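S.K.: My structure is below; once you've seen it, I'll send some questions.
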Number of protein chains: 2
Amino acid sequence: MKPKRPSIKDIAANLNVSVTTVSFVLNGKGPEMRISEEVIQKILNYAKEINYTPNQLAQSLRTGKSNVIVFMVEDISNPFFARLARIIEVTAYKKGYKVIFCSNENDDRHTEELLQVFRDQKVTGYIIIPSAGAKKQIMALLEEDVPMILFDRYFPELETNYVVIDNENATYKATKHLIGNGYRNIGFVTIASKQTQMMDRLKGYSKAVKEAKFQSRVLELPFVDPLVGEGLMRNFFDANPELDAVFFATNYLTQRGLLVMREHFPGKLNEWGIMTFDDNEFFHIHTPSISAVAQPLEEIGNKLMEIMLELLKGEKKTVHQVVLKAELRERDSSRSKHASSI
Amino acid sequence: MKPKRPSIKDIAANLNVSVTTVSFVLNGKGPEMRISEEVIQKILNYAKEINYTPNQLAQSLRTGKSNVIVFMVEDISNPFFARLARIIEVTAYKKGYKVIFCSNENDDRHTEELLQVFRDQKVTGYIIIPSAGAKKQIMALLEEDVPMILFDRYFPELETNYVVIDNENATYKATKHLIGNGYRNIGFVTIASKQTQMMDRLKGYSKAVKEAKFQSRVLELPFVDPLVGEGLMRNFFDANPELDAVFFATNYLTQRGLLVMREHFPGKLNEWGIMTFDDNEFFHIHTPSISAVAQPLEEIGNKLMEIMLELLKGEKKTVHQVVLKAELRERDSSRSKHASSI
DNA sequence: CTGAAAGCGCTAACAC
DNA sequence: GTGTTAGCGCTTTCAG
């Protein structure tokens with residue numbers, strides 16, 4: 001029933017060779033160690049026959065590498081991260097790595113606790129969305145010299161690998177697009193955060209608005225209960241009756257915002273220009289369909305794994321800092337509604 | 001820089017006790033082994049002082065348990081699974097377990113490969129959405145007597161733990177709801193699958209339709225490329241002009257279906273009754289808002305972990321088979337549009 | 001070319 | 001009450 005899985009020792013015993021030989025052969029060091037072709041074949045065949053697989057635990061304990069990659073995001077249930085997770089997962093498994101996902105809830109303490117759990121646990125590599133105040137923990141990892149890539153955001157003062165998108169430029173362009181379509185009172189709904197990606201998005205918006213000599217109208221939501229956020233958005237819309245467009249700085253804000261509009265300002269849905277950062281299929285089928293700045297998910301995922309695999313080889317020590325472009329997807333919500341004003 | 005993390009041996013050396021004593025104390029067996037209170041405190045304090053954490057790898061190698069729970073779903077990027085993953089994750093980490101997520105793409109070979117990877121890897125427990133033909137692999141796991149819970153679907157012939165919802169009844173009620181609101185030609189869009197959850201949903205629909213003496217109109221999509229699916233849906237809608245409602249059997253079908261309707265039958269969006277299985281926030285903000293059969297995510301997640309923790313304690317051998325109720329969320333898309341026909 | 005043996009960090013019989 | 005010790009399965013140095 002439980003035949004106990006074969007170990008390297010069993011192979012050695014059955015084949016009348018030593019475990020060393022078996023180990024060498026199985027690790028492909030046969031030729032290097034000048035083990036006879038005959039023995040190599042014998043071992044390989046037998047291993048295949050009994051369907052031998054090494055005990056990774058023991059292997060890890062011995063080598064100090066666990067073949068586990070940690071993928072830490074804010075919240076794995078956010079579709080953006082879930083989709084990315086999927087891409088990472090596929091590549092990683094293909095290369096023999098396992099992926100552990102975890103959500104840090106954008107909370108520093110949580111980040112620290114999680115890293116503490118993985119720390120010295122011989123986790124092989126980290127792909128991390130750092131929470132705002134996680135600089136210290138990231139520095140600690142840096143010092144340990146373990147493969148690590150940040151993404152979505154980064155710490156400009158730190159020499160880390162990262163993959164991000166050009167948030168400022170993407171937001172700038174999207175705002176210009178709204179302006180070009182005749183909107184002049186564009187509200188920007190974001191979260192109060194010092195993180196690079198949010199700062200950059202705000203910068204892009206501000207720049208475009210300033211250039212057009214329009215007034216900047218920003219709502220910075222504290223990172224709180226969604227319901228509170230909804231109330232604040234409602235107040236914001238009420239307090240700024242002259243708004244003719246809104247730009248939501250991230251997907252869950254859009255989701256919340258659309259809900260608020262639907263319930264309290266239904267007329268505005270088709271009247272205002274609407275733009276969102278982070279795309280997904282539902283924005284496409286929403287009425288009106290929502291124009292979006294779409295992050296190149298596949299590209300981000302591939303790039304992350306490409307860098308990770310590179311780091312895992314442990315060769316070169318160059319720092320990889322990649323900035324990808326986002327794509328503006330124009331849909332109904334940002335079309336010109338002022339035919340005369342173009 | 002890399003002070004090398006302290007081992008149990010270091011503690012023993014520094015405190016002039018043996019590793020056994022340390023091991024016992026650290027594992028809470030101090031009292032049981034009648035080790036002096038004084039020594040216990042000394043060890044505990046020192047361990048805390050140097051911030052000792054056990055090397056899980058070694059621990060696992062020795063005990064044969066890895067504290068890793070595998071959570072295998074069809075596709076982690078499906079919001080339903082991602083949300084569930086989040087719930088599982090929180091509970092598991094709290095209890096000192098790590099969670100490895102993976103997607104089997106609803107493919108038997110993939111399921112087998114993944115299980116092969118985890119097999120004998122001392123994975124502590126499995127929470128699995130089995131692909132249709134994975135019965136053999138599930139049986140193998142059953143024989144190994146390792147903690148395992150299926151969910152979303154199960155194999156009626158197998159004595160496994162599972163957590164599912166009452167698909168048939170939920171679909172039956174939702175269909176009745178449509179009928180009650182005056183719809184008489186209700187199409188049912190599902191995927192061709194012998195899996196319990198899909199069969200049950202179809203059953204519920206058929207039962208309700210039959211009782212009302214209406215004609216059953218079912219489209220079974222092969223599990224293929226989404227684009228092909230869209231084409232088939234379009235044909236189905238074209239071929240059944242008398243339809244006045246559609247019931248989509250799972251969330252991604254709804255998503256596809258709404259897209260098809262939007263692009264090719266925009267008038268029907270507000271004319272037809274629409275019902276979906278699996279809710280999410282976007283169905284709420286869609287126009288019209290989509291009525292949905294919502295699975296109780298929190299409850300499912302909590303139940304799964306509750307059972308898992310029970311199994312991990314390894315005490316009782318009762319089989320847990322839990323069937324939860326789904327909730328019908330009535331929204332605009334299924335309201336009566338035939339005021340006269342009620 | 002191959003084998004013996006040490007040891008990764010931990011647990012748990014078994015001794016004393 | 002506490003210490004000694006034999007492994008868990010694997011890698012790798014060192015000796016032949």
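Quick note on naming: the chains in the structure tokens go A, B, ... in the order shown, residues restart at 1 in each chain, and ligands are numbered from 1 in order of appearance.
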Which residues come within 10 Å of Leu304 in chain B, counting only C-alpha atoms (C1' of nucleotides), excluding same-chain residues fewer than 4 positions away, as a PyMOL selection string?
M.R.: chain B and resi 84+87-88+127+148-151+161-164+298-300+308-310+320+322
S.K.: How about saving the chosen residues, C-alpha atoms kept, as an mmCIF file, in the first residue's frame?
M.R.:
data_model
loop_
_atom_site.group_PDB
_atom_site.id
_atom_site.type_symbol
_atom_site.label_atom_id
_atom_site.label_comp_id
_atom_site.auth_asym_id
_atom_site.auth_seq_id
_atom_site.Cartn_x
_atom_site.Cartn_y
_atom_site.Cartn_z
ATOM 1 C CA LEU B 84 -11.258 31.758 -1.996
ATOM 2 C CA ILE B 87 -9.542 33.254 2.621
ATOM 3 C CA ILE B 88 -7.690 29.969 2.846
ATOM 4 C CA ILE B 127 -7.537 21.028 -1.115
ATOM 5 C CA MET B 148 -7.519 15.812 1.357
ATOM 6 C CA ILE B 149 -10.676 17.737 0.672
ATOM 7 C CA LEU B 150 -12.318 18.146 -2.683
ATOM 8 C CA PHE B 151 -14.471 21.089 -3.395
ATOM 9 C CA ASN B 161 -14.174 14.665 2.145
ATOM 10 C CA TYR B 162 -15.744 17.435 0.188
ATOM 11 C CA VAL B 163 -17.327 20.842 0.414
ATOM 12 C CA VAL B 164 -19.721 21.736 -2.334
ATOM 13 C CA GLU B 298 -16.412 32.946 3.204
ATOM 14 C CA GLU B 299 -18.351 29.984 4.363
ATOM 15 C CA ILE B 300 -16.740 27.658 1.859
ATOM 16 C CA MET B 308 -8.452 20.604 6.991
ATOM 17 C CA LEU B 309 -7.311 21.513 10.463
ATOM 18 C CA GLU B 310 -9.399 18.712 11.829
ATOM 19 C CA HIS B 320 -16.762 15.195 6.073
ATOM 20 C CA VAL B 322 -20.583 19.296 3.416
#
S.K.: Give me, as a ChimeraX atom specification, the contact residues of chain B against chain A at a cut-off of 6 Å, counting only C-alpha atoms.
M.R.: /B:57,61,77,82-83,100,259,285-287
S.K.: Could you list, as a list in words, the residues of chain D having an atom within 7 Å of chain A when counting only C-alpha atoms (C1' of nucleotides)?
M.R.: DG9, DC10 and DT11 of chain D
S.K.: Limited to N, CA and C atoms (P, O5', C5', C4', C3', O3' and C1' of nucleotides), could you put the picked residues into a file as an mmCIF file, in the first residue's frame?
M.R.:
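Final output, saved to out.cif:
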data_model
loop_
_atom_site.group_PDB
_atom_site.id
_atom_site.type_symbol
_atom_site.label_atom_id
_atom_site.label_comp_id
_atom_site.auth_asym_id
_atom_site.auth_seq_id
_atom_site.Cartn_x
_atom_site.Cartn_y
_atom_site.Cartn_z
ATOM 1 P P DG D 9 14.245 8.341 4.101
ATOM 2 O "O5'" DG D 9 15.083 9.219 3.071
ATOM 3 C "C5'" DG D 9 14.503 10.364 2.501
ATOM 4 C "C4'" DG D 9 15.586 11.156 1.802
ATOM 5 C "C3'" DG D 9 16.362 10.373 0.741
ATOM 6 O "O3'" DG D 9 16.228 11.093 -0.471
ATOM 7 C "C1'" DG D 9 17.836 11.543 2.176
ATOM 8 P P DC D 10 17.104 10.768 -1.739
ATOM 9 O "O5'" DC D 10 18.269 11.840 -1.584
ATOM 10 C "C5'" DC D 10 17.941 13.216 -1.751
ATOM 11 C "C4'" DC D 10 19.118 14.054 -1.321
ATOM 12 C "C3'" DC D 10 20.315 13.976 -2.257
ATOM 13 O "O3'" DC D 10 20.291 15.140 -3.088
ATOM 14 C "C1'" DC D 10 20.948 13.917 0.056
ATOM 15 P P DT D 11 21.425 15.205 -4.224
ATOM 16 O "O5'" DT D 11 22.673 15.797 -3.440
ATOM 17 C "C5'" DT D 11 22.671 17.182 -3.111
ATOM 18 C "C4'" DT D 11 23.981 17.522 -2.445
ATOM 19 C "C3'" DT D 11 25.184 17.584 -3.375
ATOM 20 O "O3'" DT D 11 25.879 18.774 -3.025
ATOM 21 C "C1'" DT D 11 25.656 16.172 -1.559
#
S.K.: Identify every residue of chain C that has at least one atom within 7 Å of any atom of chain B, counting only C-alpha atoms (C1' of nucleotides), and report the result as a PyMOL selection string.
M.R.: chain C and resi 9-11
S.K.: Taking the DSSP secondary structure from the backbone, can you list the residues of range 23-272 of chain B that are strand (DSSP E), as a ChimeraX atom specification?
M.R.: /B:68-73,98-103,125-128,148-151,161-165,186-191,217-221,245-248
S.K.: Please identify all polymer residues within 12 Å of DA15 in chain C, counting only C-alpha atoms (C1' of nucleotides), omitting same-chain residues fewer than 4 positions from it, and present them as a list in words.
M.R.: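 Within the cut-off, the hits are DT2, DG3, DT4 and DT5 of chain D.
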S.K.: Mind writing the picked residues with C-alpha atoms (C1' of nucleotides) as a PDB file, in the first residue's frame?
M.R.:
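That gives us part09.pdb:
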ATOM      1  C1'  DT D   2      19.155  15.020  31.074  1.00  0.00           C
ATOM      2  C1'  DG D   3      22.540  13.337  27.617  1.00  0.00           C
ATOM      3  C1'  DT D   4      24.015  10.165  23.664  1.00  0.00           C
ATOM      4  C1'  DT D   5      23.101   8.819  19.477  1.00  0.00           C
TER       5       DT D   5
END
